[in-house]
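Asks: Structure incoming, see below.
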Amino acid sequence: MDLVVPMKHPRDGKSRLRGAVEPAHHPGLVLALAKDTLAAVVSSAQVRRVLLVAADPDAVKTLSELGVEIVEEPAEKTLNAAFRHGAALLKADDPDTIVGALQADLPALRAGDLTAALAEAAGRRAFVADRQGTGTTLLLAAAGEPLDPRFGPGSARSHAESGAIPLRQALPTLRSDVDTPDDLAHVRALGVGKHTSAYRAELFI
Ligand SMILES: Nc1nc2c(ncn2[C@@H]2O[C@H](COP(=O)(O)OP(=O)(O)OP(=O)(O)O)[C@@H](O)[C@H]2O)c(=O)[nH]1
Ligand SMILES: C=C(OP(=O)(O)O)C(=O)O
């Protein structure tokens with residue numbers, strides 16, 4: 001399967017996380033969250049391609065070291081347009097591929113949770129809600145079907161209404177996205193990857 005991961009410029013993204021570190025460290029922390037997410041993703045045997053759809057490819061080029069491809073977001077600069085663009089590029093290369101949409105802020109992610117989610121979905125349209133139950137961390141298109149992303153506030157309900165099956169396994173590392181300083185405290189307790197871990201001395205929480 002192939003995954004699309006969107007990213008704003010690290011300076012602009014994760015605004016609700018501001019205050020967790022000195023302002024000068026904010027972009028580095030956002031990149032560290034993404035590095036840990038992507039390192040787990042590329043270590044999964046089931047994931048073939050990872051396409052990062054970036055507001056500014058230059059600002060995130062360090063992520064290509066992890067083996068992900070980086071493209072610029074389309075003219076419509078919204079989250080769902082970025083996901084649709086990435087999915088269209090992946091499907092142009094392989095119309096039968098299963099496309100997934102994943103958030104870049106899952107620094108505790110373990111490949112095992114991703115593998116378990118893919119197994120439960122079994123080729124059906126499915127999603128993983130965040131630990132609060134309102135957002136979405138992963139949306140999987142059905143094999144050969146459009147991604148039809150409906151991310152944004154209340155996206156778990158929107159994805160369910162679109163016919164996506166809510167995956168029921170615990171999947172703690174896949175549900176723990178980082179939007180706020182509280183979320184950061186939660187993932188630190190769960191165990192983050194080495195890039196986010198390197199920021200522990202900088203954290204105010
Ligand atoms: N390319 C692209 N990525 C986006 C866009 N909007 C959000 N993202 C990315 O999508 C992911 C999920 O978005 P949010 O969790 O809402 O993150 P955010 O907008 O950075 O966070 P806040 O500023 O706190 O709302 C993050 O990795 C964002 O960088 C967009 O318009 N274009
Ligand atoms: C955009 C979303 O993410 P977040 O909750 O991280 O803002 C979403 O869950 O659809």
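Identifiers in the structure tokens: chain A, B, ... in order shown; residue index from 1 per chain; ligand index from 1 in order shown.
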Neighbours of region 120-129 of chain A within 8 Å (only C-alpha atoms; same-chain residues fewer than 2 positions away dropped), as JSON, numbers by chain?
Replies: {"A": [98, 116, 117, 118, 131, 132, 133, 134, 135, 136, 137, 138, 139, 140, 141, 142, 143, 156, 159, 160, 163, 164, 165, 166, 167, 174, 175]}
Asks: Emit the selected residues as a PDB file, in the first residue's frame, including C-alpha atoms.
Replies:
```pdb
ATOM      1  CA  ILE A  98      -4.581   0.907  -1.716  1.00  0.00           C
ATOM      2  CA  ALA A 116      -2.519  -4.366  12.661  1.00  0.00           C
ATOM      3  CA  ALA A 117      -4.708  -1.544  11.282  1.00  0.00           C
ATOM      4  CA  LEU A 118      -4.095  -2.661   7.691  1.00  0.00           C
ATOM      5  CA  ARG A 131      -7.469   8.860  21.079  1.00  0.00           C
ATOM      6  CA  GLN A 132     -10.055  11.587  21.779  1.00  0.00           C
ATOM      7  CA  GLY A 133     -12.362   9.877  19.256  1.00  0.00           C
ATOM      8  CA  THR A 134     -13.119  13.025  17.236  1.00  0.00           C
ATOM      9  CA  GLY A 135     -10.214  13.326  14.785  1.00  0.00           C
ATOM     10  CA  THR A 136      -8.663  10.880  12.318  1.00  0.00           C
ATOM     11  CA  THR A 137      -5.061   9.719  12.248  1.00  0.00           C
ATOM     12  CA  LEU A 138      -5.299   7.227   9.354  1.00  0.00           C
ATOM     13  CA  LEU A 139      -7.811   6.885   6.517  1.00  0.00           C
ATOM     14  CA  LEU A 140      -7.562   3.885   4.198  1.00  0.00           C
ATOM     15  CA  ALA A 141      -9.267   3.863   0.817  1.00  0.00           C
ATOM     16  CA  ALA A 142     -10.779   0.616  -0.388  1.00  0.00           C
ATOM     17  CA  ALA A 143      -8.609  -1.102  -3.000  1.00  0.00           C
ATOM     18  CA  ALA A 156     -13.967  10.773  12.650  1.00  0.00           C
ATOM     19  CA  HIS A 159     -15.267   9.541   7.712  1.00  0.00           C
ATOM     20  CA  ALA A 160     -17.798   7.176   9.317  1.00  0.00           C
ATOM     21  CA  GLY A 163     -18.807   4.707   4.723  1.00  0.00           C
ATOM     22  CA  ALA A 164     -15.374   4.168   6.269  1.00  0.00           C
ATOM     23  CA  ILE A 165     -15.260   1.467   8.946  1.00  0.00           C
ATOM     24  CA  PRO A 166     -13.915   2.648  12.324  1.00  0.00           C
ATOM     25  CA  LEU A 167     -11.105   0.275  13.241  1.00  0.00           C
ATOM     26  CA  LEU A 174      -1.470   5.085  15.957  1.00  0.00           C
ATOM     27  CA  ARG A 175      -4.180   7.029  17.821  1.00  0.00           C
TER      28      ARG A 175
END
```
Asks: Quick one: residues within 6 Å of ligand 2, with only C-alpha atoms and all ligand atoms, as a ChimeraX atom specification?
Replies: /A:135-136,151-153,155,179
Asks: Have a look at A:Ser43, A:Asp94, A:Pro172, A:Asp183 and name the one nearest to Leu17 (chain A); count only C-alpha atoms.
Replies: A:Asp183
Asks: Give me every helix (DSSP H, G or I) residue in region 2-198 of chain A, going by DSSP on the backbone, as a ChimeraX atom specification.
Replies: /A:15-17,23-42,57-66,79-93,111-121,155-161,172-175,181-190,194-197
Asks: Can you write just those residues out, C-alpha atoms, as a compact mmCIF listing (two decimals), in the first residue's frame?
Replies:
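Writing done, so here's out29.txt:
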```txt
# COMPACT_ATOMS: atom_id res chain seq x y z
CA SER A 15 0.23 26.21 16.11
CA ARG A 16 -1.64 24.69 19.07
CA LEU A 17 1.69 23.26 20.19
CA PRO A 23 9.68 29.72 19.63
CA ALA A 24 13.04 29.17 17.91
CA HIS A 25 12.75 25.41 18.55
CA HIS A 26 9.17 25.07 17.27
CA PRO A 27 10.02 24.18 13.63
CA GLY A 28 12.62 21.66 14.80
CA LEU A 29 10.14 20.00 17.13
CA VAL A 30 7.53 19.78 14.33
CA LEU A 31 10.14 18.16 12.05
CA ALA A 32 11.14 15.75 14.84
CA LEU A 33 7.50 14.63 15.27
CA ALA A 34 7.33 13.99 11.52
CA LYS A 35 10.70 12.16 11.45
CA ASP A 36 9.61 9.74 14.16
CA THR A 37 6.27 9.18 12.40
CA LEU A 38 7.90 8.54 9.04
CA ALA A 39 10.69 6.36 10.45
CA ALA A 40 8.01 4.01 11.82
CA VAL A 41 6.06 4.12 8.55
CA VAL A 42 9.01 3.26 6.31
CA PRO A 57 9.27 21.02 -0.03
CA ASP A 58 12.59 22.79 0.72
CA ALA A 59 11.63 23.32 4.35
CA VAL A 60 11.09 19.58 4.88
CA LYS A 61 13.79 18.15 2.59
CA THR A 62 15.61 16.56 5.54
CA LEU A 63 12.71 14.07 5.63
CA SER A 64 13.74 12.62 2.27
CA GLU A 65 16.65 10.95 4.12
CA LEU A 66 14.07 8.57 5.53
CA LEU A 79 -5.39 19.77 4.01
CA ASN A 80 -7.87 17.69 2.00
CA ALA A 81 -6.60 19.07 -1.31
CA ALA A 82 -3.08 18.00 -0.29
CA PHE A 83 -4.36 14.48 0.46
CA ARG A 84 -6.31 14.32 -2.84
CA HIS A 85 -3.27 15.50 -4.79
CA GLY A 86 -1.00 12.86 -3.25
CA ALA A 87 -3.57 10.12 -3.79
CA ALA A 88 -4.00 11.12 -7.46
CA LEU A 89 -0.24 10.96 -8.06
CA LEU A 90 0.00 7.52 -6.45
CA LYS A 91 -3.01 6.19 -8.38
CA ALA A 92 -1.65 7.55 -11.65
CA ASP A 93 1.30 5.19 -11.16
CA ALA A 111 5.04 -0.24 12.71
CA GLY A 112 3.12 -3.04 14.48
CA ASP A 113 0.09 -0.80 15.05
CA LEU A 114 0.09 0.22 11.39
CA THR A 115 0.33 -3.43 10.31
CA ALA A 116 -2.52 -4.37 12.66
CA ALA A 117 -4.71 -1.54 11.28
CA LEU A 118 -4.09 -2.66 7.69
CA ALA A 119 -4.93 -6.25 8.62
CA GLU A 120 -8.21 -5.24 10.30
CA ALA A 121 -9.19 -3.04 7.34
CA SER A 155 -13.38 14.12 10.90
CA ALA A 156 -13.97 10.77 12.65
CA ARG A 157 -17.72 11.29 12.27
CA SER A 158 -17.32 12.58 8.67
CA HIS A 159 -15.27 9.54 7.71
CA ALA A 160 -17.80 7.18 9.32
CA GLU A 161 -20.60 8.96 7.41
CA PRO A 172 -2.43 3.19 21.03
CA THR A 173 0.59 4.47 19.09
CA LEU A 174 -1.47 5.08 15.96
CA ARG A 175 -4.18 7.03 17.82
CA PRO A 181 1.21 20.28 24.93
CA ASP A 182 -1.05 17.76 26.76
CA ASP A 183 -0.79 15.41 23.78
CA LEU A 184 2.99 15.75 23.92
CA ALA A 185 2.98 14.72 27.58
CA HIS A 186 0.81 11.73 26.63
CA VAL A 187 3.14 10.49 23.87
CA ARG A 188 6.20 10.94 26.07
CA ALA A 189 4.62 8.55 28.56
CA LEU A 190 3.85 6.12 25.70
CA LYS A 194 14.57 9.22 18.99
CA HIS A 195 14.03 12.51 17.14
CA THR A 196 11.29 13.78 19.47
CA SER A 197 13.12 12.31 22.43
```
Asks: What residues have any atom no more than 6 Å from ligand 1 when counting only C-alpha atoms and all ligand atoms, and can you list them as a count of residues only?
Replies: 19
Asks: Mind checking DSSP for region 27-199 of chain A and telling me the strand (DSSP E or B) residues as a list in words?
Replies: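 Filtering region 27-199 of chain A down to strand (DSSP E or B) leaves Arg49, Val50, Leu51, Leu52, Val53, Ala54, Glu69, Ile70, Val71, Glu72, Val99, Gly100, Ala101, Leu102, Ala126, Phe127, Val128, Ala129, Thr136, Thr137, Leu138, Leu139, Leu140, Ile165 and Pro166 of chain A.
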Asks: Rank nothing, just name the residue among A:Glu72, A:Asp56, A:Asp2, A:Glu22 nearest to Pro95 (chain A), using only C-alpha atoms.
Replies: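 Among A:Glu72, A:Asp56, A:Asp2, A:Glu22, it is A:Asp2 that comes nearest to Pro95 (chain A).
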Asks: Could you tell me how far CA of Pro10 (chain A) lies from CA of Leu106 (chain A), in Å and to one decimal?
Replies: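 Computing the Euclidean distance for CA of Pro10 (chain A) and CA of Leu106 (chain A) yields 14.9 Å.
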